[in-house]
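Q: This structure is in C-alpha cells; I'll ask about it shortly.
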Amino acid sequence: MRLPTDVLAEMEKIAEICGRTRRWVFVRALKSYLAAEGREIEIDRARRDVEAGNGHDLDDVIDELEGIVKGAAA
C-alpha cells in the first residue's frame with residue numbers, strides 16, 4: 001500500500017513517541033476506523049437479513065412488549 005508522505009511521516013512520529021512500530025500504528029488506525037466508520041458492514045448484513053425475512057416489524061415488537069408489561073403489572 002502506498003501512503004502519502006505526510007501521512008507516513010505522522011505515523012512514524014506517532015510510532016516514535018509511543019515506542020511502537022509503524023505497523024502497530026497502522027493496524028491501530030485501521031481498527032479505529034473500522035470501529036468508528038466501518039459500520040457499513042453491519043448495515044449491509046442487517047439489510048440482507050431483512051431482505052431474507054429475518055426481521056420483525058417494530059409495531060409488532062412494541063405490541064408484544066406492551067402486553068408483557070401489562071401482564072407483569074397485573
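Following the order of the C-alpha cells, chains are lettered A, B, ..., residues in each are numbered from 1, and ligands are numbered from 1.
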Run DSSP on the backbone and tell me which residues of chain A come out as helix (DSSP H, G or I); list them as a count of residues only.
A: 57
Q: Using CA of Gly38 (chain A) and CA of Arg2 (chain A) as the two end points, give the distance in Å to one decimal.
A: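 Result for CA of Gly38 (chain A) versus CA of Arg2 (chain A): 20.8 Å, one decimal.
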